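Here's run_34.cif, which has mmCIF, C-alpha atoms:
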```cif
data_structure
#
loop_
_atom_site.label_atom_id
_atom_site.label_comp_id
_atom_site.auth_asym_id
_atom_site.auth_seq_id
_atom_site.Cartn_x
_atom_site.Cartn_y
_atom_site.Cartn_z
CA MET E 153 0.00 0.00 0.00
CA SER E 154 1.48 3.36 -1.04
CA LYS E 155 2.25 6.00 1.58
CA PRO E 156 0.48 9.36 1.52
CA THR E 157 2.80 12.31 0.91
CA ALA E 158 3.20 15.64 2.68
CA VAL E 159 5.27 18.65 1.63
CA VAL E 160 6.58 21.21 4.12
CA VAL E 161 8.06 24.35 2.55
CA GLY E 162 10.21 26.33 4.95
CA VAL E 163 12.19 23.72 6.88
CA GLY E 164 15.32 24.85 8.68
CA ALA E 165 16.73 23.94 12.07
CA GLU E 166 16.01 20.60 13.76
CA ARG E 167 14.51 22.60 16.62
CA GLY E 168 12.14 24.57 14.44
CA LEU E 169 8.48 24.47 13.42
CA GLY E 170 9.16 23.17 9.90
CA ALA E 171 11.09 20.18 11.23
CA ALA E 172 8.44 19.54 13.90
CA LEU E 173 5.75 19.45 11.21
CA CYS E 174 7.80 16.96 9.20
CA ARG E 175 8.22 14.69 12.22
CA ARG E 176 4.51 14.87 13.11
CA PHE E 177 3.36 13.96 9.62
CA ALA E 178 5.93 11.17 9.33
CA SER E 179 4.66 9.70 12.62
CA GLU E 180 1.28 9.26 10.92
CA GLY E 181 2.80 7.19 8.13
CA TYR E 182 3.34 9.98 5.64
CA HIS E 183 6.31 10.21 3.32
CA VAL E 184 7.50 13.74 4.05
CA ILE E 185 9.27 16.06 1.62
CA ALA E 186 11.19 18.63 3.65
CA SER E 187 11.93 21.70 1.57
CA GLY E 188 14.08 24.72 2.31
CA ARG E 189 16.95 26.80 1.02
CA THR E 190 19.73 25.06 2.95
CA ALA E 191 20.38 21.52 1.73
CA ALA E 192 22.39 20.49 4.79
CA ARG E 193 19.57 21.42 7.15
CA ILE E 194 16.74 19.73 5.27
CA ASP E 195 18.84 16.62 4.70
CA GLY E 196 19.53 16.53 8.43
CA VAL E 197 15.82 16.68 9.21
CA ALA E 198 15.12 13.91 6.70
CA ARG E 199 17.85 11.69 8.18
CA SER E 200 16.55 12.19 11.72
CA ILE E 201 13.09 11.06 10.59
CA GLN E 202 14.55 8.06 8.80
CA ALA E 203 16.51 7.14 11.93
CA LEU E 204 13.20 6.88 13.78
CA GLY E 205 11.78 4.59 11.12
CA GLY E 206 9.93 7.26 9.17
CA SER E 207 9.98 8.09 5.47
CA ALA E 208 11.39 11.43 4.38
CA GLU E 209 13.55 13.22 1.83
CA GLY E 210 14.96 16.69 1.55
CA ILE E 211 14.58 18.85 -1.55
CA ALA E 212 16.39 22.18 -1.73
CA CYS E 213 14.07 24.88 -3.04
CA ASP E 214 14.02 28.67 -3.10
CA ALA E 215 10.28 29.24 -2.76
CA THR E 216 10.59 32.73 -4.27
CA ARG E 217 11.63 31.14 -7.58
CA GLU E 218 8.77 29.92 -9.76
CA ALA E 219 10.83 27.19 -11.44
CA ASP E 220 11.98 25.79 -8.09
CA VAL E 221 8.43 25.57 -6.78
CA ALA E 222 7.18 23.87 -9.96
CA ALA E 223 10.00 21.32 -9.76
CA LEU E 224 9.19 20.65 -6.10
CA PHE E 225 5.59 19.87 -6.96
CA ASP E 226 6.60 17.74 -9.93
CA ARG E 227 8.40 15.52 -7.42
CA ALA E 228 5.67 15.70 -4.79
CA MET E 229 2.85 14.76 -7.16
CA ALA E 230 4.67 12.03 -9.06
CA GLU E 231 3.13 8.62 -8.43
CA SER E 232 5.39 5.72 -7.58
CA GLY E 233 4.94 2.19 -6.36
CA ASP E 234 5.32 3.09 -2.68
CA ARG E 235 4.20 6.72 -2.56
CA ALA E 236 0.97 8.49 -3.50
CA PRO E 237 0.80 12.08 -4.78
CA ALA E 238 0.90 14.71 -2.05
CA ASP E 239 -2.35 15.59 -0.29
CA LEU E 240 -0.91 17.78 2.49
CA ILE E 241 1.00 20.98 1.73
CA VAL E 242 2.35 23.43 4.32
CA PHE E 243 3.84 26.83 3.54
CA ASN E 244 6.00 27.75 6.52
CA ALA E 245 8.63 30.04 4.98
CA GLY E 246 9.28 33.47 6.41
CA ASN E 247 11.80 35.83 7.95
CA ASN E 248 11.56 38.46 10.65
CA GLN E 249 13.64 41.36 11.92
CA ARG E 250 12.91 44.60 13.72
CA ILE E 251 13.77 47.56 11.46
CA ASP E 252 12.99 51.23 12.07
CA PHE E 253 10.64 52.31 9.29
CA ARG E 254 12.89 55.28 8.48
CA GLU E 255 15.83 52.93 7.98
CA LEU E 256 13.92 50.33 5.96
CA SER E 257 15.41 50.04 2.49
CA SER E 258 13.28 49.29 -0.54
CA GLU E 259 15.38 46.18 -1.13
CA ALA E 260 14.72 44.86 2.38
CA PHE E 261 11.00 45.63 2.12
CA GLU E 262 10.75 43.70 -1.13
CA ASP E 263 12.78 40.79 0.21
CA PHE E 264 10.46 40.36 3.19
CA TRP E 265 7.45 40.47 0.87
CA ARG E 266 8.98 37.98 -1.57
CA VAL E 267 9.77 35.44 1.15
CA GLY E 268 6.67 35.91 3.29
CA CYS E 269 3.97 36.54 0.67
CA PHE E 270 5.06 36.04 -2.93
CA ALA E 271 6.54 32.63 -2.14
CA GLY E 272 3.26 31.68 -0.46
CA PHE E 273 1.40 32.66 -3.62
CA LEU E 274 3.69 30.49 -5.74
CA VAL E 275 3.28 27.49 -3.44
CA GLY E 276 -0.47 28.01 -3.09
CA ARG E 277 -1.01 28.41 -6.82
CA GLU E 278 1.01 25.30 -7.64
CA ALA E 279 -0.85 23.34 -4.96
CA ALA E 280 -4.20 24.43 -6.43
CA ARG E 281 -3.13 23.48 -9.94
CA ARG E 282 -2.17 19.98 -8.81
CA LEU E 283 -4.87 19.27 -6.19
CA VAL E 284 -8.04 20.64 -7.80
CA PRO E 285 -8.11 17.97 -10.54
CA LEU E 286 -7.88 15.35 -7.77
CA GLY E 287 -10.67 16.96 -5.73
CA ARG E 288 -8.90 16.58 -2.42
CA GLY E 289 -6.03 17.86 -0.28
CA THR E 290 -5.07 20.29 2.47
CA VAL E 291 -3.03 23.49 2.11
CA LEU E 292 -1.88 25.18 5.32
CA PHE E 293 -0.20 28.57 5.68
CA THR E 294 1.79 29.69 8.74
CA GLY E 295 0.76 33.17 9.81
CA ALA E 296 1.67 35.39 12.75
CA SER E 297 0.32 38.14 14.99
CA ALA E 298 1.53 40.45 12.21
CA SER E 299 -1.04 38.89 9.87
CA LEU E 300 -3.61 40.93 11.78
CA ARG E 301 -1.76 44.02 13.03
CA ALA E 302 1.52 45.85 12.58
CA LYS E 303 3.73 46.74 15.53
CA PRO E 304 6.45 49.42 15.60
CA GLY E 305 9.52 48.25 13.71
CA PHE E 306 7.72 45.43 11.95
CA ALA E 307 5.71 47.10 9.18
CA HIS E 308 7.61 45.18 6.48
CA PHE E 309 6.89 41.86 8.21
CA ALA E 310 3.21 42.72 8.69
CA VAL E 311 2.79 43.64 5.02
CA ALA E 312 4.09 40.22 3.99
CA LYS E 313 2.05 38.29 6.55
CA ALA E 314 -1.16 40.22 5.91
CA GLY E 315 -0.74 39.57 2.18
CA LEU E 316 -0.21 35.87 2.83
CA ARG E 317 -3.43 35.80 4.86
CA MET E 318 -5.31 37.19 1.87
CA VAL E 319 -3.76 34.55 -0.38
CA ALA E 320 -5.09 31.92 2.01
CA GLN E 321 -8.55 33.50 2.21
CA GLY E 322 -8.87 33.82 -1.54
CA MET E 323 -7.81 30.22 -2.07
CA ALA E 324 -10.16 28.91 0.63
CA ARG E 325 -13.18 30.61 -0.88
CA GLU E 326 -12.32 29.56 -4.41
CA TYR E 327 -11.22 25.98 -3.85
CA GLY E 328 -13.01 24.88 -0.67
CA PRO E 329 -16.14 24.02 -2.67
CA LEU E 330 -13.91 21.93 -4.95
CA GLY E 331 -12.67 19.77 -2.07
CA ILE E 332 -9.45 21.58 -1.13
CA HIS E 333 -9.13 22.52 2.54
CA VAL E 334 -7.14 25.75 2.87
CA ALA E 335 -6.35 27.06 6.34
CA HIS E 336 -4.28 29.85 7.87
CA VAL E 337 -2.70 29.45 11.32
CA VAL E 338 -1.95 32.61 13.30
CA ILE E 339 1.04 32.02 15.58
CA ASP E 340 0.45 34.64 18.26
CA GLY E 341 3.57 34.54 20.42
CA GLY E 342 7.18 33.45 20.43
CA ILE E 343 8.01 29.95 19.20
CA ASP E 344 10.28 27.93 21.47
CA GLY E 345 12.80 26.98 18.82
CA GLU E 346 16.40 27.44 17.78
CA ARG E 347 15.85 30.79 16.07
CA LEU E 348 14.28 32.56 19.04
CA ARG E 349 16.62 31.05 21.63
CA SER E 350 19.73 31.93 19.61
CA ARG E 351 18.69 35.44 18.53
CA TRP E 352 16.64 36.60 21.52
CA PRO E 353 17.75 34.56 24.56
CA ASP E 354 16.47 37.23 26.94
CA MET E 355 12.94 36.77 25.61
CA ALA E 356 12.92 33.09 26.53
CA ARG E 357 14.06 33.91 30.06
CA GLN E 358 11.55 36.72 30.45
CA ARG E 359 8.61 34.63 29.29
CA GLY E 360 9.44 31.86 31.74
CA GLU E 361 8.04 28.34 31.89
CA GLY E 362 5.16 27.92 29.47
CA GLY E 363 5.56 31.39 28.01
CA LEU E 364 6.54 30.26 24.52
CA LEU E 365 4.72 28.10 21.99
CA ASP E 366 5.98 24.51 21.94
CA ILE E 367 6.80 23.44 18.38
CA ASP E 368 5.35 19.96 18.79
CA ALA E 369 2.10 21.39 20.16
CA ILE E 370 1.84 23.67 17.10
CA ALA E 371 2.52 20.71 14.80
CA GLU E 372 -0.27 18.77 16.50
CA ALA E 373 -2.71 21.60 15.73
CA TYR E 374 -1.74 21.52 12.05
CA TRP E 375 -2.30 17.77 11.94
CA GLN E 376 -5.75 18.11 13.55
CA ILE E 377 -6.76 20.71 10.94
CA HIS E 378 -5.73 18.30 8.20
CA ARG E 379 -7.86 15.53 9.76
CA GLN E 380 -11.05 17.61 10.10
CA PRO E 381 -14.15 16.21 8.37
CA ARG E 382 -15.45 18.20 5.43
CA SER E 383 -18.64 19.10 7.28
CA ALA E 384 -16.70 21.21 9.82
CA TRP E 385 -13.58 22.76 8.32
CA THR E 386 -11.50 25.43 10.05
CA HIS E 387 -10.16 28.21 7.86
CA GLU E 388 -8.30 30.24 10.48
CA MET E 389 -6.92 29.13 13.84
CA ASP E 390 -4.94 31.24 16.31
CA LEU E 391 -2.46 29.65 18.69
CA ARG E 392 -0.75 31.27 21.68
CA PRO E 393 0.73 30.34 25.06
CA PHE E 394 -1.71 30.59 27.96
CA LYS E 395 0.35 33.51 29.31
CA GLU E 396 0.16 35.54 26.09
CA PRO E 397 -2.10 38.67 26.28
CA PHE E 398 -4.28 39.32 23.26
#
```

Once you've parsed the file, please lay out its structure as structure tokens.
Amino acid sequence: MSKPTAVVVGVGAERGLGAALCRRFASEGYHVIASGRTAARIDGVARSIQALGGSAEGIACDATREADVAALFDRAMAESGDRAPADLIVFNAGNNQRIDFRELSSEAFEDFWRVGCFAGFLVGREAARRLVPLGRGTVLFTGASASLRAKPGFAHFAVAKAGLRMVAQGMAREYGPLGIHVAHVVIDGGIDGERLRSRWPDMARQRGEGGLLDIDAIAEAYWQIHRQPRSAWTHEMDLRPFKEPF
């Protein structure tokens, strides 16, 4: 019996959300395609899953490049004897940095938009092209607090995330009736992963026990969205630590 296939775009550190999603899907018997810009990192994630008895492979892909995204989906949707075409796609790519609006260069603004929004459009469009003829599948987008509001120093990030939210909404309304479940997950708080702990160690200490989102708990929420029956689909879910004000 062939394995179902999942694709996670935006996989980096072992202790990151992308890797946690890969591990969660693999634990359910999925063959997981881990995709990101850094080959060494995605290959490491794939090997760690294989070491636990799971099925995974890494595919280097710059999600801001149309040709790269098309090639990724060519691989993901190809049928083989032991693997079915992908039915679970996650767009998790993004970058973040505080920049004073007066110091924000046009190049930096565009780069944040290309990674956080344009790449999501490319992945979403390719997913729709491949899944609609099959009449099934789930497409999940990772959002943030900035999807809903802009804070000082993060206008560029909010523009990208708000745009990605609209990509998700447009897709959900257009393709939900055709059998494609599109959902947007608002991550409202700091993620307890390698990026935050290496770049902002003071934040982890200040938040204290339970003050950051656990990556495995987030991954579980994504999996539960994918498993929802068609009669009760979620489009948008917000996740935050119990200590987080909102």

Which of E:Ile185, E:Ala238, E:Cys269, E:Cys174 sits closest to Thr157 of chain E [using all atoms listed in the file]: E:Ala238

Best match for closeness to Leu300 of chain E among E:Asp340, E:Glu396, E:Glu326, E:Asp234, counting all atoms listed in the file: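 Closest to Leu300 of chain E of all the choices is E:Asp340.
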
Coordinates-based distance that separates atom CA of Leu292 of chain E from atom CA of Ala335 of chain E (Å, one decimal):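 These atoms are spaced 5.0 Å apart.
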
Among listed residues E:Arg277, E:Arg359, E:His333, E:Arg347, nearest Pro381 of chain E (using all atoms listed in the file): E:His333

Protein, DNA and RNA residues within 8 Å of (-5.1, 22.3, 10.6), all atoms listed in the file, as number ranges by chain: E: 292, 335, 337, 373-380, 386, 389

Using all atoms listed in the file: which of E:Arg199, E:Arg288, E:Arg301, E:Lys313 has the shortest distance to Val184 of chain E: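 With all atoms listed in the file as the atom set, the closest residue is E:Arg199.
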
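Nearest to Pro397 of chain E of all the residues E:Ser257, E:Ala298, E:Gly341, E:Gln358 is E:Gly341, counting all atoms listed in the file.
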
Check what the PyMOL selection byres ((chain E and resi 309) around 9) selects in the file above and give those residues as a PDB file with C-alpha atoms, in the frame of the given file.
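Listing of out14.pdb after writing:
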```pdb
ATOM      1  CA  GLY E 246       9.280  33.470   6.410  1.00  0.00           C
ATOM      2  CA  ASN E 247      11.800  35.830   7.950  1.00  0.00           C
ATOM      3  CA  ASN E 248      11.560  38.460  10.650  1.00  0.00           C
ATOM      4  CA  GLN E 249      13.640  41.360  11.920  1.00  0.00           C
ATOM      5  CA  ARG E 250      12.910  44.600  13.720  1.00  0.00           C
ATOM      6  CA  PHE E 261      11.000  45.630   2.120  1.00  0.00           C
ATOM      7  CA  PHE E 264      10.460  40.360   3.190  1.00  0.00           C
ATOM      8  CA  TRP E 265       7.450  40.470   0.870  1.00  0.00           C
ATOM      9  CA  GLY E 268       6.670  35.910   3.290  1.00  0.00           C
ATOM     10  CA  ALA E 298       1.530  40.450  12.210  1.00  0.00           C
ATOM     11  CA  SER E 299      -1.040  38.890   9.870  1.00  0.00           C
ATOM     12  CA  ALA E 302       1.520  45.850  12.580  1.00  0.00           C
ATOM     13  CA  GLY E 305       9.520  48.250  13.710  1.00  0.00           C
ATOM     14  CA  PHE E 306       7.720  45.430  11.950  1.00  0.00           C
ATOM     15  CA  ALA E 307       5.710  47.100   9.180  1.00  0.00           C
ATOM     16  CA  HIS E 308       7.610  45.180   6.480  1.00  0.00           C
ATOM     17  CA  ALA E 310       3.210  42.720   8.690  1.00  0.00           C
ATOM     18  CA  VAL E 311       2.790  43.640   5.020  1.00  0.00           C
ATOM     19  CA  ALA E 312       4.090  40.220   3.990  1.00  0.00           C
ATOM     20  CA  LYS E 313       2.050  38.290   6.550  1.00  0.00           C
ATOM     21  CA  ALA E 314      -1.160  40.220   5.910  1.00  0.00           C
TER      22      ALA E 314
END
```

Residues matched by the PyMOL selection byres ((chain E and resi 227) around 12) as a list in words: Thr157, Ala158, Val159, Val184, Ile185, Ala186, Ser187, Glu209, Gly210, Ile211, Ala212, Cys213, Asp220, Val221, Ala222, Ala223, Leu224, Phe225, Asp226, Ala228, Met229, Ala230, Glu231, Ser232, Arg235, Ala236, Pro237, Ala238 and Arg282 of chain E

Coordinates-based distance that separates atom CA of Gly168 of chain E from atom CA of Asp354 of chain E (Å, one decimal):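 It comes out at 18.3 Å.
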
Could I see segment 308-319 of chain E restored to N, CA and C atoms, set down as a PDB file, in the coordinates of the input?
```
ATOM      1  N   HIS E 308       7.236  46.007   7.629  1.00  0.00           N
ATOM      2  CA  HIS E 308       7.610  45.180   6.480  1.00  0.00           C
ATOM      3  C   HIS E 308       7.165  43.733   6.678  1.00  0.00           C
ATOM      4  N   PHE E 309       7.297  43.227   7.895  1.00  0.00           N
ATOM      5  CA  PHE E 309       6.890  41.860   8.210  1.00  0.00           C
ATOM      6  C   PHE E 309       5.371  41.733   8.152  1.00  0.00           C
ATOM      7  N   ALA E 310       4.665  42.741   8.688  1.00  0.00           N
ATOM      8  CA  ALA E 310       3.210  42.720   8.690  1.00  0.00           C
ATOM      9  C   ALA E 310       2.634  42.774   7.281  1.00  0.00           C
ATOM     10  N   VAL E 311       3.248  43.567   6.414  1.00  0.00           N
ATOM     11  CA  VAL E 311       2.790  43.640   5.020  1.00  0.00           C
ATOM     12  C   VAL E 311       2.835  42.265   4.370  1.00  0.00           C
ATOM     13  N   ALA E 312       3.945  41.548   4.583  1.00  0.00           N
ATOM     14  CA  ALA E 312       4.090  40.220   3.990  1.00  0.00           C
ATOM     15  C   ALA E 312       3.085  39.242   4.578  1.00  0.00           C
ATOM     16  N   LYS E 313       2.934  39.250   5.901  1.00  0.00           N
ATOM     17  CA  LYS E 313       2.050  38.290   6.550  1.00  0.00           C
ATOM     18  C   LYS E 313       0.573  38.589   6.282  1.00  0.00           C
ATOM     19  N   ALA E 314       0.222  39.867   6.228  1.00  0.00           N
ATOM     20  CA  ALA E 314      -1.160  40.220   5.910  1.00  0.00           C
ATOM     21  C   ALA E 314      -1.490  39.809   4.471  1.00  0.00           C
ATOM     22  N   GLY E 315      -0.535  39.992   3.564  1.00  0.00           N
ATOM     23  CA  GLY E 315      -0.740  39.570   2.180  1.00  0.00           C
ATOM     24  C   GLY E 315      -0.907  38.065   2.080  1.00  0.00           C
ATOM     25  N   LEU E 316      -0.097  37.328   2.840  1.00  0.00           N
ATOM     26  CA  LEU E 316      -0.210  35.870   2.830  1.00  0.00           C
ATOM     27  C   LEU E 316      -1.582  35.436   3.330  1.00  0.00           C
ATOM     28  N   ARG E 317      -2.090  36.123   4.339  1.00  0.00           N
ATOM     29  CA  ARG E 317      -3.430  35.800   4.860  1.00  0.00           C
ATOM     30  C   ARG E 317      -4.490  35.962   3.778  1.00  0.00           C
ATOM     31  N   MET E 318      -4.357  36.991   2.952  1.00  0.00           N
ATOM     32  CA  MET E 318      -5.310  37.190   1.870  1.00  0.00           C
ATOM     33  C   MET E 318      -5.175  36.120   0.786  1.00  0.00           C
ATOM     34  N   VAL E 319      -3.954  35.675   0.542  1.00  0.00           N
ATOM     35  CA  VAL E 319      -3.760  34.550  -0.380  1.00  0.00           C
ATOM     36  C   VAL E 319      -4.538  33.344   0.126  1.00  0.00           C
TER      37      VAL E 319
END
```
